[in-house]
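Participant: Sending over coords_21.txt (compact mmCIF, C-alpha atoms).
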```
# COMPACT_ATOMS: atom_id res chain seq x y z
CA MET A 63 -7.92 -23.24 -77.23
CA ARG A 64 -5.34 -24.85 -79.52
CA PHE A 65 -3.25 -22.87 -82.03
CA LYS A 66 -1.69 -24.72 -84.92
CA GLN A 67 1.06 -22.07 -85.24
CA VAL A 68 2.19 -19.16 -83.09
CA LEU A 69 4.39 -16.31 -84.36
CA SER A 70 6.27 -14.00 -82.01
CA VAL A 71 6.05 -10.50 -83.48
CA VAL A 72 7.60 -7.16 -82.54
CA ASP A 73 5.65 -4.21 -83.90
CA CYS A 74 7.88 -1.44 -85.20
CA HIS A 75 7.86 1.52 -87.56
CA ALA A 76 10.59 3.53 -89.29
CA GLU A 77 9.71 7.20 -89.73
CA GLY A 78 6.03 6.25 -89.88
CA GLU A 79 6.25 3.16 -92.13
CA SER A 80 5.16 -0.13 -90.54
CA GLY A 81 7.77 -2.87 -90.31
CA LYS A 82 6.71 -5.79 -88.11
CA VAL A 83 9.59 -8.10 -87.20
CA ILE A 84 8.82 -11.81 -86.75
CA VAL A 85 11.36 -13.09 -84.25
CA GLY A 86 10.05 -16.62 -83.69
CA GLY A 87 7.62 -19.32 -84.76
CA VAL A 88 8.46 -19.59 -88.47
CA GLY A 89 10.75 -22.61 -88.15
CA GLN A 90 13.23 -23.76 -90.77
CA VAL A 91 13.30 -22.02 -94.14
CA ALA A 92 15.16 -23.87 -96.89
CA GLY A 93 17.90 -22.15 -98.89
CA HIS A 94 21.55 -21.16 -98.57
CA THR A 95 21.25 -17.41 -99.19
CA MET A 96 18.54 -14.99 -98.07
CA PHE A 97 17.43 -14.74 -101.68
CA ASP A 98 17.04 -18.53 -101.73
CA LYS A 99 15.01 -18.32 -98.53
CA ARG A 100 12.94 -15.51 -100.02
CA VAL A 101 12.08 -17.76 -102.97
CA HIS A 102 11.21 -20.68 -100.66
CA LEU A 103 8.94 -18.50 -98.53
CA GLU A 104 7.17 -17.17 -101.62
CA THR A 105 6.69 -20.57 -103.26
CA HIS A 106 6.14 -22.87 -100.27
CA MET A 107 5.30 -20.76 -97.17
CA ASP A 108 3.33 -17.79 -98.50
CA HIS A 109 0.59 -18.42 -95.93
CA ILE A 110 2.81 -16.63 -93.38
CA ARG A 111 2.84 -13.40 -95.39
CA LYS A 112 -0.91 -13.57 -95.91
CA LEU A 113 -1.57 -14.39 -92.26
CA VAL A 114 0.45 -11.42 -91.01
CA LEU A 115 -0.33 -8.78 -93.64
CA PHE A 116 -3.83 -9.52 -94.92
CA GLU A 117 -7.01 -8.72 -92.99
CA PRO A 118 -8.28 -9.33 -90.35
CA ARG A 119 -4.80 -9.34 -88.69
CA GLY A 120 -3.03 -6.95 -91.04
CA ALA A 121 -3.80 -4.01 -93.30
CA VAL A 122 -2.71 -2.63 -96.65
CA TRP A 123 -0.11 -0.34 -95.04
CA HIS A 124 1.58 -3.14 -93.04
CA ASN A 125 4.94 -4.74 -93.85
CA ALA A 126 6.79 -7.54 -92.09
CA ASN A 127 10.20 -9.13 -91.83
CA ILE A 128 11.33 -12.61 -90.80
CA ILE A 129 14.64 -12.77 -88.93
CA LEU A 130 16.66 -15.81 -89.94
CA PRO A 131 20.20 -17.07 -89.29
CA SER A 132 22.58 -16.26 -92.14
CA ASN A 133 25.06 -18.65 -93.74
CA HIS A 134 27.21 -15.75 -94.93
CA PRO A 135 30.49 -15.60 -92.95
CA GLU A 136 30.33 -11.78 -92.68
CA ALA A 137 26.68 -11.50 -91.62
CA ASP A 138 25.46 -11.10 -88.03
CA MET A 139 21.92 -12.05 -89.03
CA GLY A 140 19.66 -12.37 -92.06
CA TYR A 141 16.12 -11.27 -92.85
CA VAL A 142 13.47 -11.66 -95.54
CA ILE A 143 11.06 -8.80 -96.26
CA LEU A 144 7.32 -9.43 -96.70
CA GLU A 145 5.07 -6.82 -98.30
CA THR A 146 1.43 -6.93 -99.29
CA THR A 147 1.99 -7.89 -102.94
CA GLU A 148 5.63 -9.04 -103.13
CA TYR A 149 8.83 -10.13 -101.42
CA PRO A 150 11.20 -7.22 -102.15
CA ALA A 151 14.90 -7.85 -102.50
CA MET A 152 15.51 -4.85 -100.24
CA SER A 153 13.70 -2.24 -98.15
CA GLY A 154 15.35 0.58 -96.24
CA SER A 155 12.58 1.24 -93.71
CA ASN A 156 12.23 -2.48 -92.99
CA THR A 157 16.00 -2.77 -92.51
CA MET A 158 15.84 0.05 -89.94
CA CYS A 159 13.10 -1.84 -88.09
CA VAL A 160 15.06 -5.11 -88.18
CA ALA A 161 18.26 -3.52 -86.86
CA THR A 162 16.37 -1.72 -84.10
CA VAL A 163 14.54 -4.86 -82.98
CA LEU A 164 17.71 -6.98 -83.06
CA LEU A 165 19.51 -4.57 -80.72
CA GLU A 166 16.73 -3.28 -78.46
CA THR A 167 15.42 -6.78 -77.69
CA GLY A 168 18.91 -8.18 -77.09
CA ILE A 169 18.92 -10.68 -79.96
CA LEU A 170 22.27 -9.12 -80.88
CA PRO A 171 24.41 -7.20 -78.38
CA MET A 172 24.17 -3.41 -78.33
CA HIS A 173 27.35 -1.38 -77.92
CA GLU A 174 27.02 2.30 -77.06
CA PRO A 175 27.50 4.81 -78.58
CA VAL A 176 27.73 2.93 -81.92
CA THR A 177 26.94 -0.65 -82.95
CA GLN A 178 28.07 -1.84 -86.35
CA LEU A 179 26.08 -4.67 -87.95
CA THR A 180 26.25 -6.58 -91.20
CA LEU A 181 22.87 -7.97 -92.21
CA GLU A 182 22.11 -10.26 -95.12
CA SER A 183 19.06 -9.18 -97.10
CA PRO A 184 17.81 -10.95 -100.24
CA ALA A 185 19.61 -8.19 -102.19
CA GLY A 186 22.94 -8.97 -100.50
CA LEU A 187 24.92 -7.73 -97.54
CA ILE A 188 23.78 -4.47 -95.92
CA ARG A 189 26.25 -2.64 -93.66
CA VAL A 190 24.45 -0.87 -90.83
CA ARG A 191 25.69 1.75 -88.35
CA CYS A 192 23.41 2.16 -85.32
CA GLU A 193 23.81 5.09 -82.97
CA CYS A 194 22.72 3.96 -79.50
CA LYS A 195 22.08 5.70 -76.18
CA ASP A 196 20.58 4.39 -72.94
CA GLY A 197 19.48 1.14 -74.59
CA LYS A 198 17.75 2.91 -77.47
CA VAL A 199 18.76 2.92 -81.15
CA THR A 200 18.57 6.61 -82.04
CA SER A 201 19.68 6.34 -85.68
CA VAL A 202 20.15 3.58 -88.25
CA ARG A 203 22.39 4.33 -91.22
CA LEU A 204 22.43 1.60 -93.86
CA VAL A 205 24.64 1.26 -96.90
CA ASN A 206 22.49 -0.22 -99.63
CA GLN A 207 23.43 -2.37 -102.58
CA PRO A 208 24.15 -0.29 -105.75
CA ALA A 209 21.35 1.72 -107.36
CA PHE A 210 21.19 2.55 -111.07
CA CYS A 211 19.02 3.92 -113.88
CA TYR A 212 17.50 1.54 -116.44
CA HIS A 213 15.82 4.24 -118.54
CA ARG A 214 15.93 8.05 -118.41
CA ASP A 215 13.46 10.60 -119.75
CA CYS A 216 11.17 8.12 -121.49
CA ASN A 217 7.66 8.93 -122.64
CA ILE A 218 4.91 6.41 -121.92
CA GLU A 219 1.22 6.52 -122.70
CA VAL A 220 -0.97 6.30 -119.59
CA THR A 221 -4.73 5.75 -119.63
CA GLY A 222 -6.52 8.97 -118.74
CA LEU A 223 -3.29 10.97 -118.57
CA GLY A 224 -1.83 10.83 -122.07
CA THR A 225 1.93 11.06 -122.49
CA VAL A 226 3.92 10.98 -119.22
CA ARG A 227 7.69 11.38 -118.88
CA VAL A 228 9.25 8.79 -116.55
CA ASP A 229 12.60 7.44 -115.42
CA ILE A 230 12.99 3.76 -114.50
CA VAL A 231 15.42 3.30 -111.62
CA TYR A 232 16.50 0.42 -109.37
CA GLY A 233 17.27 1.08 -105.72
CA GLY A 234 16.55 -2.35 -104.22
CA MET A 235 13.09 -2.22 -105.80
CA THR A 236 12.40 -0.85 -109.29
CA TYR A 237 10.56 2.46 -109.66
CA ALA A 238 8.76 4.38 -112.35
CA MET A 239 9.81 7.88 -111.28
CA VAL A 240 7.87 10.97 -112.32
CA GLU A 241 8.07 14.64 -111.42
CA ALA A 242 4.99 15.35 -109.31
CA ALA A 243 4.61 18.86 -110.75
CA ASP A 244 4.31 17.42 -114.28
CA LEU A 245 0.94 16.01 -113.21
CA GLY A 246 -0.12 18.94 -111.03
CA PHE A 247 0.77 17.42 -107.64
CA SER A 248 2.55 19.14 -104.74
CA ILE A 249 2.82 15.91 -102.65
CA ALA A 250 0.42 17.14 -99.98
CA PRO A 251 -1.33 14.70 -97.59
CA SER A 252 -4.68 15.72 -99.09
CA GLU A 253 -3.51 14.36 -102.46
CA ALA A 254 -2.71 10.87 -101.16
CA ARG A 255 -5.72 9.04 -102.62
CA GLU A 256 -5.31 10.62 -106.06
CA LEU A 257 -1.55 10.01 -106.03
CA CYS A 258 -2.26 6.32 -105.44
CA ASP A 259 -4.75 6.09 -108.29
CA VAL A 260 -2.47 7.91 -110.76
CA GLY A 261 0.62 6.10 -109.50
CA GLN A 262 -0.90 2.68 -110.12
CA ARG A 263 -1.83 3.66 -113.67
CA ILE A 264 1.67 4.94 -114.35
CA LYS A 265 3.24 1.79 -112.94
CA GLN A 266 1.08 -0.49 -115.07
CA ALA A 267 1.84 1.48 -118.22
CA ALA A 268 5.56 1.44 -117.45
CA VAL A 269 5.51 -2.33 -116.89
CA GLU A 270 3.88 -2.82 -120.29
CA GLN A 271 5.97 -0.31 -122.26
CA LEU A 272 9.43 -0.36 -120.60
CA PRO A 273 10.35 -3.92 -119.63
CA VAL A 274 13.42 -4.32 -117.41
CA GLU A 275 15.50 -7.21 -116.11
CA HIS A 276 18.09 -6.97 -113.36
CA PRO A 277 21.46 -7.71 -115.02
CA LEU A 278 22.83 -9.81 -112.15
CA ASN A 279 19.68 -11.51 -110.88
CA PRO A 280 16.79 -11.81 -113.34
CA ALA A 281 14.58 -13.20 -110.54
CA ILE A 282 14.47 -9.76 -108.88
CA PRO A 283 11.03 -8.29 -109.73
CA GLY A 284 10.73 -5.58 -112.37
CA ILE A 285 8.82 -2.32 -111.95
CA THR A 286 6.58 -2.61 -108.89
CA ASN A 287 6.23 0.97 -107.56
CA THR A 288 5.81 4.57 -108.67
CA GLU A 289 7.75 7.43 -107.09
CA PHE A 290 6.52 11.02 -107.36
CA THR A 291 9.40 13.46 -106.84
CA GLY A 292 9.23 17.05 -105.70
CA PRO A 293 11.41 20.00 -106.71
CA LEU A 294 14.94 20.34 -105.33
CA ARG A 295 15.87 23.16 -102.99
CA ARG A 296 18.91 24.10 -100.91
CA GLU A 297 18.71 25.08 -97.26
CA ASN A 298 21.98 26.15 -95.65
CA GLY A 299 23.84 24.44 -98.44
CA VAL A 300 22.04 21.09 -98.02
CA LEU A 301 19.91 19.59 -100.80
CA HIS A 302 16.26 18.88 -99.88
CA SER A 303 13.24 17.44 -101.66
CA LYS A 304 9.91 15.69 -101.04
CA ASN A 305 8.74 12.43 -102.52
CA CYS A 306 5.83 10.03 -102.37
CA VAL A 307 6.25 6.37 -103.23
CA VAL A 308 3.05 4.57 -104.22
CA VAL A 309 3.41 0.98 -103.04
CA SER A 310 1.35 -1.73 -104.71
CA PRO A 311 -1.53 -2.47 -104.53
CA GLY A 312 -2.02 1.29 -104.18
CA ARG A 313 -1.11 3.15 -101.01
CA CYS A 314 1.46 5.79 -100.00
CA ASP A 315 4.68 4.87 -98.22
CA ARG A 316 4.51 6.71 -94.90
CA SER A 317 8.31 7.11 -94.74
CA PRO A 318 10.60 8.73 -97.33
CA CYS A 319 11.24 5.13 -98.53
CA GLY A 320 14.76 3.71 -98.32
CA THR A 321 14.89 2.02 -101.72
CA GLY A 322 13.01 4.96 -103.24
CA SER A 323 15.60 7.32 -101.73
CA SER A 324 18.36 5.09 -103.13
CA ALA A 325 16.76 5.29 -106.57
CA ARG A 326 16.44 9.08 -106.23
CA LEU A 327 20.17 9.34 -105.44
CA ALA A 328 21.00 7.30 -108.56
CA LEU A 329 18.82 9.55 -110.74
CA LEU A 330 20.14 12.79 -109.22
CA HIS A 331 23.72 11.63 -109.76
CA ALA A 332 22.99 10.60 -113.35
CA ARG A 333 21.68 14.13 -113.94
CA GLY A 334 24.75 15.71 -112.34
CA LEU A 335 22.74 17.18 -109.46
CA ILE A 336 24.48 15.48 -106.52
CA ALA A 337 28.05 14.42 -105.84
CA PRO A 338 29.35 11.58 -103.66
CA GLY A 339 29.47 12.60 -100.02
CA GLU A 340 26.92 15.40 -100.41
CA SER A 341 23.97 15.27 -97.98
CA PHE A 342 20.42 15.00 -99.29
CA ILE A 343 17.36 15.30 -97.02
CA HIS A 344 14.43 13.31 -98.42
CA GLU A 345 11.01 14.10 -96.97
CA SER A 346 7.91 11.91 -97.13
CA ILE A 347 4.28 12.88 -97.70
CA THR A 348 3.84 12.64 -93.90
CA GLY A 349 6.77 15.01 -93.21
CA SER A 350 9.23 12.40 -91.91
CA ARG A 351 12.82 12.54 -93.19
CA PHE A 352 15.74 10.36 -94.21
CA THR A 353 19.27 11.73 -94.46
CA CYS A 354 20.85 10.35 -97.63
CA SER A 355 24.19 10.42 -99.40
CA ILE A 356 26.26 8.58 -101.99
CA ASP A 357 29.01 6.52 -100.36
CA GLY A 358 30.71 5.66 -103.64
CA LEU A 359 30.33 4.78 -107.31
CA SER A 360 30.03 1.35 -108.88
CA GLU A 361 28.71 -0.57 -111.87
CA VAL A 362 25.97 -3.18 -112.16
CA GLY A 363 26.33 -5.03 -115.44
CA PRO A 364 26.21 -2.35 -118.16
CA TYR A 365 24.82 0.33 -115.83
CA ALA A 366 26.71 3.06 -113.97
CA ALA A 367 25.62 2.88 -110.32
CA VAL A 368 25.87 4.66 -107.00
CA ILE A 369 26.24 3.15 -103.53
CA PRO A 370 23.48 4.80 -101.46
CA ALA A 371 23.57 5.42 -97.72
CA ILE A 372 20.24 6.12 -95.98
CA ALA A 373 19.75 7.13 -92.33
CA GLY A 374 16.61 7.31 -90.21
CA GLN A 375 15.13 6.05 -86.96
CA ALA A 376 12.76 3.25 -85.97
CA TRP A 377 10.61 2.77 -82.88
CA ILE A 378 9.26 -0.41 -81.31
CA THR A 379 5.53 -0.05 -80.56
CA GLY A 380 4.52 -3.42 -79.16
CA PHE A 381 5.11 -7.13 -78.60
CA TYR A 382 2.60 -9.87 -79.26
CA GLN A 383 2.02 -13.45 -80.31
CA MET A 384 -0.06 -14.09 -83.41
CA GLY A 385 -1.82 -17.44 -83.48
CA ILE A 386 -3.81 -19.50 -85.96
CA ASP A 387 -6.91 -21.11 -84.54
CA PRO A 388 -7.65 -24.26 -86.59
CA THR A 389 -11.35 -23.27 -86.75
CA ASP A 390 -10.68 -19.72 -88.01
CA PRO A 391 -12.14 -19.36 -91.54
CA TYR A 392 -9.63 -16.59 -92.34
CA GLN A 393 -6.36 -18.39 -91.65
CA THR A 394 -4.64 -16.77 -94.63
CA GLY A 395 -6.64 -13.57 -94.53
CA PHE A 396 -8.54 -11.63 -97.17
CA THR A 397 -8.50 -8.29 -98.96
CA LEU A 398 -11.24 -5.87 -100.01
CA SER A 399 -11.01 -3.21 -102.70
CA ASP A 400 -12.29 -0.43 -100.41
CA THR A 401 -8.76 -0.03 -99.01
CA TRP A 402 -6.64 -2.41 -101.11
CA MET A 403 -7.87 -0.81 -104.41
CA GLU A 404 -8.14 -4.32 -105.83
CA SER A 405 -8.76 -7.70 -104.22
CA ILE A 406 -5.62 -9.86 -104.24
```
Please lay out the structure from this file as structure tokens.
Facilitator:
Amino acid sequence: MRFKQVLSVVDCHAEGESGKVIVGGVGQVAGHTMFDKRVHLETHMDHIRKLVLFEPRGAVWHNANIILPSNHPEADMGYVILETTEYPAMSGSNTMCVATVLLETGILPMHEPVTQLTLESPAGLIRVRCECKDGKVTSVRLVNQPAFCYHRDCNIEVTGLGTVRVDIVYGGMTYAMVEAADLGFSIAPSEARELCDVGQRIKQAAVEQLPVEHPLNPAIPGITNTEFTGPLRRENGVLHSKNCVVVSPGRCDRSPCGTGSSARLALLHARGLIAPGESFIHESITGSRFTCSIDGLSEVGPYAAVIPAIAGQAWITGFYQMGIDPTDPYQTGFTLSDTWMESI
């Protein structure tokens, strides 16, 4: 049998969210920065994303990352994030998977008890602190690029729902954020399918009625996800809340979502509900948790911003080589609306 391309893949997840890491087989990717490489992959090499994430090799809940050498003098390594409908500028859960794979497979040296890394994402440099013990990464704490609010307390008209109050917030991806209780949700696992359906409708309405453009990089995508937020509570002085991010084309993030958590921190700070340095435990619809805080304050163009820090853990689940048989009729995969909600 002859393969026309073979990818070396490490399967991984961060607090339940898939984050495959492609460690070999991609070859050269043109571009000086990781954002440049992201653009080149999207415009000239998109068959890799489709091969890995679309059926029959992938699934709607899969994500992937390509590890690439960085040209930035401060970066230890770079990576580009691949998701089922887009190439995000940043992803917290995927960053946790990348850092874990880099250290646990020996691509970069592990130093116990703590390894400090600087990784270049398409969004910019991400400082990462990995707690390590007995060859295992037990925690990944990343400091994200600044997060900020585009719009607060806006009313949009949503088909089948009427008027819905939303906030539009950037945390590495841009979110239409809505209080789950406003629509009768408690963010229970049994609500997942309905959350996805409603979340997609809210996202589409927000895209049409509240256009946004990143002030420093207009090529960063606009609103692509919906985040349902739960009520705040304090346990032993620590702030807690649940959330559910609906990722396009319509499925729930299994983790508390790193960029969604960053956006939540920006919104909470804008409302005066959290101060820099205060801990915030963000829980997903599956019950997994990220520990979050604000490392500092900043500005992005005209917007007041926070510098989010998000901590969680990732686990490697397997190693394999993915090949393309020249006779395979599904070399770039396919999607069906039974699980993808819409064919892509």
Participant: Fewer than 6 positions away in the same chain doesn't count, so skip those; otherwise give me all residues within 9 Å of Val71 (chain A), counting all atoms listed in the file, as a compact mmCIF listing (two decimals) with C-alpha atoms, in the coordinates of the input.
Facilitator:
```
# COMPACT_ATOMS: atom_id res chain seq x y z
CA LYS A 82 6.71 -5.79 -88.11
CA VAL A 83 9.59 -8.10 -87.20
CA ILE A 84 8.82 -11.81 -86.75
CA VAL A 85 11.36 -13.09 -84.25
CA GLY A 86 10.05 -16.62 -83.69
CA GLY A 380 4.52 -3.42 -79.16
CA PHE A 381 5.11 -7.13 -78.60
CA TYR A 382 2.60 -9.87 -79.26
CA GLN A 383 2.02 -13.45 -80.31
CA MET A 384 -0.06 -14.09 -83.41
```
Participant: Looking at all atoms listed in the file, which of A:Val308, A:Val163, A:Ala126, A:Val114 is the one that sits closest to Thr394 (chain A)?
Facilitator: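 Among the listed residues, A:Val114 lies closest to Thr394 (chain A).
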Participant: Hey, can you check how far CA of Ala137 (chain A) sits from CA of Thr180 (chain A)?
Facilitator: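 According to the coordinates, CA of Ala137 (chain A) and CA of Thr180 (chain A) are separated by 5.0 Å.
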Participant: Report the closest atom pair, with its distance in Å rounded to one decimal, for each residue of region 255-330 of chain A that has an atom no farther than 10 Å from region 227-245 of chain A; count all atoms listed in the file, sort by chain and then rising residue number, and write it as a Markdown table.
Facilitator:
```
| residue | atom | partner | partner_atom | distance |
| --- | --- | --- | --- | --- |
| A:Leu257 | CA | A:Ala242 | CA | 9.1 |
| A:Val260 | CA | A:Leu245 | CA | 9.1 |
| A:Gly261 | CA | A:Ala238 | CA | 8.8 |
| A:Ile264 | CA | A:Ala238 | CA | 7.4 |
| A:Lys265 | CA | A:Ala238 | CA | 6.1 |
| A:Gln266 | CA | A:Ala238 | CA | 9.5 |
| A:Ala267 | CA | A:Ala238 | CA | 9.5 |
| A:Ala268 | CA | A:Ala238 | CA | 6.7 |
| A:Val269 | CA | A:Ala238 | CA | 8.7 |
| A:Leu272 | CA | A:Ile230 | CA | 8.2 |
| A:Pro273 | CA | A:Ile230 | CA | 9.6 |
| A:Val274 | CA | A:Ile230 | CA | 8.6 |
| A:Glu275 | CA | A:Thr236 | CA | 9.8 |
| A:His276 | CA | A:Tyr232 | CA | 8.5 |
| A:Ile282 | CA | A:Met235 | CA | 8.3 |
| A:Pro283 | CA | A:Met235 | CA | 7.5 |
| A:Gly284 | CA | A:Thr236 | CA | 5.9 |
| A:Ile285 | CA | A:Thr236 | CA | 4.7 |
| A:Thr286 | CA | A:Thr236 | CA | 6.1 |
| A:Asn287 | CA | A:Tyr237 | CA | 5.0 |
| A:Thr288 | CA | A:Ala238 | CA | 4.7 |
| A:Glu289 | CA | A:Met239 | CA | 4.7 |
| A:Phe290 | CA | A:Ala242 | CA | 5.0 |
| A:Thr291 | CA | A:Glu241 | CA | 4.9 |
| A:Gly292 | CA | A:Ala242 | CA | 5.8 |
| A:Pro293 | CA | A:Glu241 | CA | 7.9 |
| A:Lys304 | CA | A:Ala242 | CA | 9.6 |
| A:Asn305 | CA | A:Ala242 | CA | 8.3 |
| A:Cys306 | CA | A:Ala242 | CA | 8.8 |
| A:Val307 | CA | A:Tyr237 | CA | 8.7 |
| A:Val308 | CA | A:Tyr237 | CA | 9.5 |
| A:Val309 | CA | A:Tyr237 | CA | 9.9 |
| A:Gly320 | CA | A:Gly233 | CA | 8.2 |
| A:Thr321 | CA | A:Gly233 | CA | 4.7 |
| A:Gly322 | CA | A:Gly233 | CA | 6.3 |
| A:Ser323 | CA | A:Gly233 | CA | 7.6 |
| A:Ser324 | CA | A:Gly233 | CA | 4.9 |
| A:Ala325 | CA | A:Gly233 | CA | 4.3 |
| A:Arg326 | CA | A:Val231 | CA | 8.0 |
| A:Leu327 | CA | A:Gly233 | CA | 8.8 |
| A:Ala328 | CA | A:Val231 | CA | 7.5 |
| A:Leu329 | CA | A:Val231 | CA | 7.2 |
```
Participant: Return as lines of an AutoDock Vina configuration file the box centre and box size in Å, one decimal, for an axis-aligned box around all listed atoms of region 275-289 of chain A padded by 5 Å per side.
Facilitator:
```
center_x = 14.3
center_y = -2.9
center_z = -111.6
size_x = 27.0
size_y = 30.6
size_z = 19.0
```
Participant: Gly87 (chain A): which residues within 9 Å, counting only C-alpha atoms, same-chain residues fewer than 4 positions away excluded, as a list in words?
Facilitator: Gln67, Val68, Leu69 and Ser70 of chain A
